[in-house]
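Novice: Compact mmCIF, C-alpha atoms and all ligand atoms, saved as protein.txt, coming up:
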# COMPACT_ATOMS: atom_id res chain seq x y z
CA MET Z 981 -9.24 7.68 -6.43
CA ASN Z 982 -11.83 9.42 -8.57
CA THR Z 983 -11.07 13.00 -9.52
CA GLN Z 984 -14.03 14.50 -7.70
CA SER Z 985 -12.75 13.10 -4.37
CA HIS Z 986 -9.38 14.77 -4.94
CA VAL Z 987 -11.18 18.02 -5.70
CA LEU Z 988 -13.21 17.84 -2.49
CA MET Z 989 -10.17 17.01 -0.37
CA GLY Z 990 -8.19 19.85 -1.92
CA ALA Z 991 -10.95 22.34 -1.08
CA ALA Z 992 -11.58 20.89 2.41
CA PHE Z 993 -7.95 20.57 3.56
CA PHE Z 994 -6.35 23.59 1.88
CA GLY Z 995 -9.32 25.91 1.32
CA ARG Z 996 -9.43 27.70 4.64
CA PRO Z 997 -10.33 30.43 5.31
CA LEU Z 998 -11.37 31.83 1.94
CA PRO Z 999 -13.47 30.55 -0.96
CA ARG Z 1000 -10.61 31.70 -3.21
CA LEU Z 1001 -8.28 29.19 -1.55
CA ALA Z 1002 -10.97 26.53 -1.84
CA TRP Z 1003 -11.05 27.07 -5.61
CA ALA Z 1004 -7.24 26.84 -5.72
CA GLY Z 1005 -7.33 23.60 -3.69
CA ALA Z 1006 -10.08 22.22 -5.93
CA ALA Z 1007 -8.14 23.13 -9.09
CA GLY Z 1008 -5.02 21.43 -7.68
CA GLY Z 1009 -7.13 18.32 -7.09
CA ILE Z 1010 -8.20 18.22 -10.76
CA LEU Z 1011 -4.90 19.14 -12.40
CA PRO Z 1012 -3.08 15.76 -12.14
CA ASP Z 1013 -5.94 14.12 -14.08
CA LEU Z 1014 -6.36 17.00 -16.54
CA PRO Z 1015 -3.94 15.56 -19.15
CA MET Z 1016 -6.01 12.35 -19.10
CA TYR Z 1017 -9.32 14.18 -19.56
CA THR Z 1018 -7.88 16.30 -22.36
CA ILE Z 1019 -6.55 13.24 -24.19
CA VAL Z 1020 -9.84 11.35 -23.72
CA ALA Z 1021 -11.82 14.34 -25.04
CA VAL Z 1022 -9.59 14.73 -28.10
CA LEU Z 1023 -9.60 11.00 -28.90
CA GLY Z 1024 -13.38 10.90 -28.40
CA LEU Z 1025 -13.80 13.77 -30.86
CA LEU Z 1026 -11.56 11.91 -33.31
CA GLY Z 1027 -13.96 8.98 -33.14
CA TYR Z 1028 -12.01 6.43 -31.04
CA SER Z 1029 -14.17 4.00 -29.02
CA VAL Z 1030 -14.12 3.90 -25.21
CA SER Z 1031 -12.47 0.46 -25.19
CA ASP Z 1032 -9.86 1.60 -27.75
CA ILE Z 1033 -9.06 4.60 -25.55
CA PHE Z 1034 -8.85 2.88 -22.15
CA ASP Z 1035 -7.73 -0.63 -23.10
CA ARG Z 1036 -5.10 0.25 -25.70
CA LEU Z 1037 -4.11 3.91 -26.09
CA TYR Z 1038 -4.04 4.59 -22.32
CA TRP Z 1039 -1.00 2.32 -22.02
CA GLU Z 1040 1.04 4.03 -24.76
CA PRO Z 1041 4.27 5.62 -23.43
CA TRP Z 1042 3.23 9.18 -24.43
CA TRP Z 1043 0.05 8.91 -22.35
CA GLN Z 1044 1.90 7.34 -19.42
CA ILE Z 1045 4.34 10.26 -19.47
CA ALA Z 1046 1.44 12.75 -19.51
CA ASN Z 1047 0.07 11.00 -16.38
CA ALA Z 1048 3.55 11.04 -14.83
CA ILE Z 1049 3.83 14.81 -15.28
CA GLY Z 1050 0.39 15.42 -13.75
CA HIS Z 1051 1.13 13.16 -10.75
CA ASN Z 1052 4.74 14.22 -10.28
CA PHE Z 1053 6.12 14.09 -6.73
CA LEU Z 1054 9.12 16.23 -7.72
CA LEU Z 1055 7.08 19.00 -9.33
CA TRP Z 1056 4.33 19.26 -6.69
CA GLY Z 1057 6.73 18.62 -3.82
CA ALA Z 1058 9.01 21.48 -4.92
CA LEU Z 1059 6.09 23.91 -5.38
CA THR Z 1060 4.51 22.94 -2.05
CA ILE Z 1061 7.75 23.33 -0.09
CA GLY Z 1062 8.73 26.51 -1.95
CA SER Z 1063 5.39 28.28 -1.37
CA ALA Z 1064 5.29 27.11 2.27
CA LEU Z 1065 8.75 28.64 2.84
CA VAL Z 1066 7.59 31.95 1.35
CA ILE Z 1067 4.52 31.98 3.63
CA VAL Z 1068 6.53 31.09 6.76
CA ARG Z 1069 9.22 33.69 6.04
CA ARG Z 1070 6.63 36.38 5.38
CA ARG Z 1071 4.80 35.59 8.62
CA ALA Z 1072 8.07 35.62 10.57
CA GLY Z 1073 8.88 39.08 9.16
CA GLN Z 1074 5.56 40.55 10.29
CA PRO Z 1075 4.95 42.14 13.70
CA PRO Z 1076 2.52 40.06 15.79
CA ALA Z 1077 -0.98 41.01 14.68
CA PRO Z 1078 -3.60 41.68 17.33
CA SER Z 1079 -6.34 40.25 15.10
CA PRO Z 1080 -6.35 37.61 12.34
CA ALA Z 1081 -4.55 38.79 9.22
CA PRO Z 1082 -6.78 40.50 6.65
CA ASP Z 1083 -7.94 38.55 3.61
CA SER Z 1084 -5.52 40.17 1.21
CA GLU Z 1085 -2.59 38.70 3.15
CA THR Z 1086 -3.93 35.22 3.83
CA ALA Z 1087 -4.84 34.68 0.18
CA GLY Z 1088 -1.72 36.16 -1.44
CA ALA Z 1089 -0.03 34.49 -4.38
CA ALA Z 1090 2.05 32.18 -2.18
CA ALA Z 1091 -1.06 30.99 -0.32
CA LEU Z 1092 -2.82 30.27 -3.60
CA VAL Z 1093 0.21 28.37 -4.96
CA PHE Z 1094 0.42 26.40 -1.70
CA ALA Z 1095 -3.28 25.40 -1.74
CA PHE Z 1096 -3.00 24.43 -5.41
CA SER Z 1097 0.26 22.45 -5.28
CA ALA Z 1098 -0.36 20.81 -1.88
CA SER Z 1099 -3.69 19.58 -3.22
CA ALA Z 1100 -2.02 18.21 -6.37
CA LEU Z 1101 0.64 16.55 -4.19
CA LEU Z 1102 -2.03 14.96 -1.97
CA HIS Z 1103 -3.81 13.71 -5.11
CA SER Z 1104 -0.53 12.16 -6.32
CA LEU Z 1105 0.17 10.54 -2.93
CA ILE Z 1106 -3.31 9.00 -2.73
CA ASP Z 1107 -3.04 7.70 -6.29
CA PHE Z 1108 0.38 6.26 -5.36
CA LEU Z 1109 -1.34 4.21 -2.64
CA THR Z 1110 -4.45 3.17 -4.62
CA HIS Z 1111 -3.22 2.28 -8.13
CA ARG Z 1112 -2.04 -1.20 -9.07
CA ALA Z 1113 -1.82 -2.20 -12.76
CA ASP Z 1114 -2.42 1.44 -13.71
CA ALA Z 1115 0.22 2.91 -11.36
CA HIS Z 1116 1.85 6.19 -12.39
CA MET Z 1117 5.59 6.98 -12.68
CA HIS Z 1118 5.58 9.53 -9.86
CA LEU Z 1119 9.34 10.15 -9.96
CA TRP Z 1120 9.62 10.60 -13.74
CA PRO Z 1121 11.95 11.73 -15.37
CA LEU Z 1122 14.44 10.65 -12.65
CA SER Z 1123 12.99 7.15 -12.58
CA ASP Z 1124 10.20 5.20 -14.30
CA TRP Z 1125 9.62 3.11 -11.15
CA ARG Z 1126 5.97 2.35 -10.31
CA PHE Z 1127 4.60 1.21 -6.98
CA ARG Z 1128 2.07 -1.59 -7.51
CA SER Z 1129 -0.15 -0.99 -4.51
CA PRO Z 1130 -1.91 -3.96 -2.87
CA VAL Z 1131 -5.05 -1.78 -2.93
CA SER Z 1132 -6.74 -0.61 -6.11
CA TYR Z 1133 -9.31 2.19 -5.96
CA TRP Z 1134 -11.43 0.36 -8.57
CA ASP Z 1135 -10.30 -3.27 -9.11
CA PRO Z 1136 -12.62 -5.64 -7.13
CA ASP Z 1137 -9.78 -8.21 -6.97
CA TYR Z 1138 -7.76 -5.74 -4.87
CA TYR Z 1139 -10.32 -4.34 -2.42
CA GLY Z 1140 -11.71 -1.99 -5.10
CA ASN Z 1141 -15.33 -2.45 -4.00
CA TRP Z 1142 -14.53 -1.69 -0.38
CA PHE Z 1143 -12.40 1.26 -1.30
CA GLY Z 1144 -15.16 2.58 -3.58
CA LEU Z 1145 -17.62 2.48 -0.69
CA PHE Z 1146 -15.13 4.22 1.60
CA GLU Z 1147 -14.44 6.85 -1.07
CA ALA Z 1148 -18.13 7.58 -1.66
CA ALA Z 1149 -18.76 7.93 2.11
CA LEU Z 1150 -15.73 10.23 2.42
CA GLY Z 1151 -16.95 12.27 -0.56
CA VAL Z 1152 -20.43 12.80 0.89
CA ALA Z 1153 -18.93 13.77 4.28
CA LEU Z 1154 -16.59 16.30 2.63
CA ILE Z 1155 -19.51 17.77 0.64
CA VAL Z 1156 -21.42 18.31 3.90
CA VAL Z 1157 -18.37 19.96 5.53
CA LEU Z 1158 -17.77 22.29 2.56
CA PHE Z 1159 -21.46 23.11 2.15
CA ARG Z 1160 -21.58 24.27 5.75
CA ARG Z 1161 -18.29 26.16 5.58
CA TYR Z 1162 -18.92 28.25 2.45
CA ARG Z 1163 -22.02 30.26 1.62
CA ALA Z 1164 -20.87 31.36 -1.86
CA LEU Z 1165 -23.54 30.23 -4.32
CA PRO Z 1166 -21.18 29.13 -7.17
CA LEU Z 1167 -19.25 26.96 -4.71
CA ARG Z 1168 -22.40 25.36 -3.35
CA ALA Z 1169 -23.71 24.73 -6.88
CA GLY Z 1170 -20.37 23.10 -7.70
CA LEU Z 1171 -20.73 20.83 -4.68
CA LEU Z 1172 -24.09 19.58 -5.93
CA VAL Z 1173 -22.54 18.79 -9.33
CA VAL Z 1174 -19.79 16.81 -7.58
CA LEU Z 1175 -22.39 14.93 -5.57
CA GLY Z 1176 -24.02 13.90 -8.86
CA LEU Z 1177 -20.66 12.56 -10.15
CA TYR Z 1178 -20.61 9.88 -7.42
CA VAL Z 1179 -23.64 8.41 -9.19
CA ALA Z 1180 -22.84 9.36 -12.80
CA VAL Z 1181 -19.23 8.08 -13.07
CA PRO Z 1182 -19.90 4.47 -11.90
CA ALA Z 1183 -23.09 4.44 -14.03
CA PHE Z 1184 -21.09 5.50 -17.11
CA PHE Z 1185 -18.47 2.76 -16.68
CA TYR Z 1186 -21.14 0.18 -15.89
CA LEU Z 1187 -23.10 1.05 -19.03
CA THR Z 1188 -20.06 1.22 -21.35
CA HIS Z 1189 -18.50 -2.01 -20.05
CA HIS Z 1190 -21.58 -4.11 -19.28
CA GLY Z 1191 -24.39 -2.42 -21.21
ZN ZN A 1201 -5.02 10.90 -10.50
Once you've parsed the file, please lay out its structure as structure tokens.

Specialist:
Amino acid sequence: MNTQSHVLMGAAFFGRPLPRLAWAGAAGGILPDLPMYTIVAVLGLLGYSVSDIFDRLYWEPWWQIANAIGHNFLLWGALTIGSALVIVRRRAGQPPAPSPAPDSETAGAAALVFAFSASALLHSLIDFLTHRADAHMHLWPLSDWRFRSPVSYWDPDYYGNWFGLFEAALGVALIVVLFRRYRALPLRAGLLVVLGLYVAVPAFFYLTHHG
């Protein structure tokens, strides 16, 4: 799935009730792909061509390991479970509150870690189900096993066109939900940028591969 969809899902699913949690969920949605973007940016600055980067260097073991760390079930699973346990234990230790807990409690460090790591884990799970030739090693370093999904989020030979349509519709729906939920101006401006990516990213790959 494209990074912006992971970002939107992270904010939508784990961002309640505060904008701060939405930013944590959004950041967790980006993080698994951050090694890739960093490597692409550095290689681009060094003068490598787009085809050199994605057709050759992407498949080098060092890059595959960087992807494996970003999309790691063990890492994100441990952080998600650990932070959830902290939240549950803290809630159990509190006397029943007559009103919803104040902001400072609902967005404590454990809540931020949970929104961030659960979003990264969801990103990894969705990639697990939608990557084929470019599957990640989600259980690295315990195993370098890759699941070759029958569905690819981009390859037209494996339902990529249909999935792309589904993803774009989901993305627009999530943007509407988040726009209505949060009034913070920076967050709303960010949503409009993400909306633009649904047009810009396919246009970029079309132009660089067919142009
Ligand atoms: Zn990813």

Novice: Give the residue list for ligand ZN 1201 (chain A) at 12 Å, counting only C-alpha atoms and all ligand atoms, as a PyMOL selection string, sorted by chain and then by residue number.

Specialist: chain Z and resi 981-987+1008-1017+1044+1046-1052+1099-1111+1114-1118+1133

Novice: Quick one: residues within 10 Å of Z:Ile1155, all atoms listed in the file, excluding same-chain residues fewer than 5 positions away - as a ChimeraX atom specification?

Specialist: /Z:985,988-989,991-992,1149-1150,1160-1161,1168,1170-1172,1174-1175

Novice: Would you kindly return, as a PyMOL selection string, each protein, DNA or RNA residue with an atom no farther than 12 Å from any atom of stretch 1182-1187 of chain Z, considering all atoms listed in the file and excluding same-chain residues fewer than 6 positions away?

Specialist: chain Z and resi 982+1030-1031+1034+1134+1141+1144-1145+1148+1176

Novice: Between Z:Leu1154, Z:Val1179, Z:Leu1119, Z:Pro1130, which is the closest to Z:Leu1055 once you count all atoms listed in the file?

Specialist: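 Of Z:Leu1154, Z:Val1179, Z:Leu1119, Z:Pro1130, the one nearest Z:Leu1055 is Z:Leu1119, counting all atoms listed in the file.
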
Novice: Tell me which of Z:Tyr1038, Z:Phe1094, Z:Trp1003, Z:Trp1120 sits closest to Z:Ala1064, counting only C-alpha atoms.

Specialist: Z:Phe1094

Novice: Just to confirm, what's the straight-line distance from atom CA of Z:Thr1188 to atom CA of Z:Trp1142 in Å (one decimal)?

Specialist: 21.9 Å

Novice: Could you work out how far atom CA of Z:Ala1091 lies from atom CA of Z:Val1066, giving the answer in Å with one decimal?

Specialist: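 Value for the atom CA of Z:Val1066-atom CA of Z:Ala1091 distance: 8.9 Å.
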
Novice: Enclose stretch 1138-1145 of chain Z, meaning all of its atoms listed in the file, in a box aligned along x, y and z, pad it by 4 Å on each side, and list the centre and edge lengths in Å to one decimal, as lines of an AutoDock Vina configuration file.

Specialist:
center_x = -12.7
center_y = -1.6
center_z = -2.7
size_x = 17.9
size_y = 16.3
size_z = 12.7

Novice: So how many Å separate atom CA of Z:Leu1037 and atom CA of Z:Gly1024, to one decimal?

Specialist: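 Rounded to one decimal, the two atoms are 11.8 Å apart.
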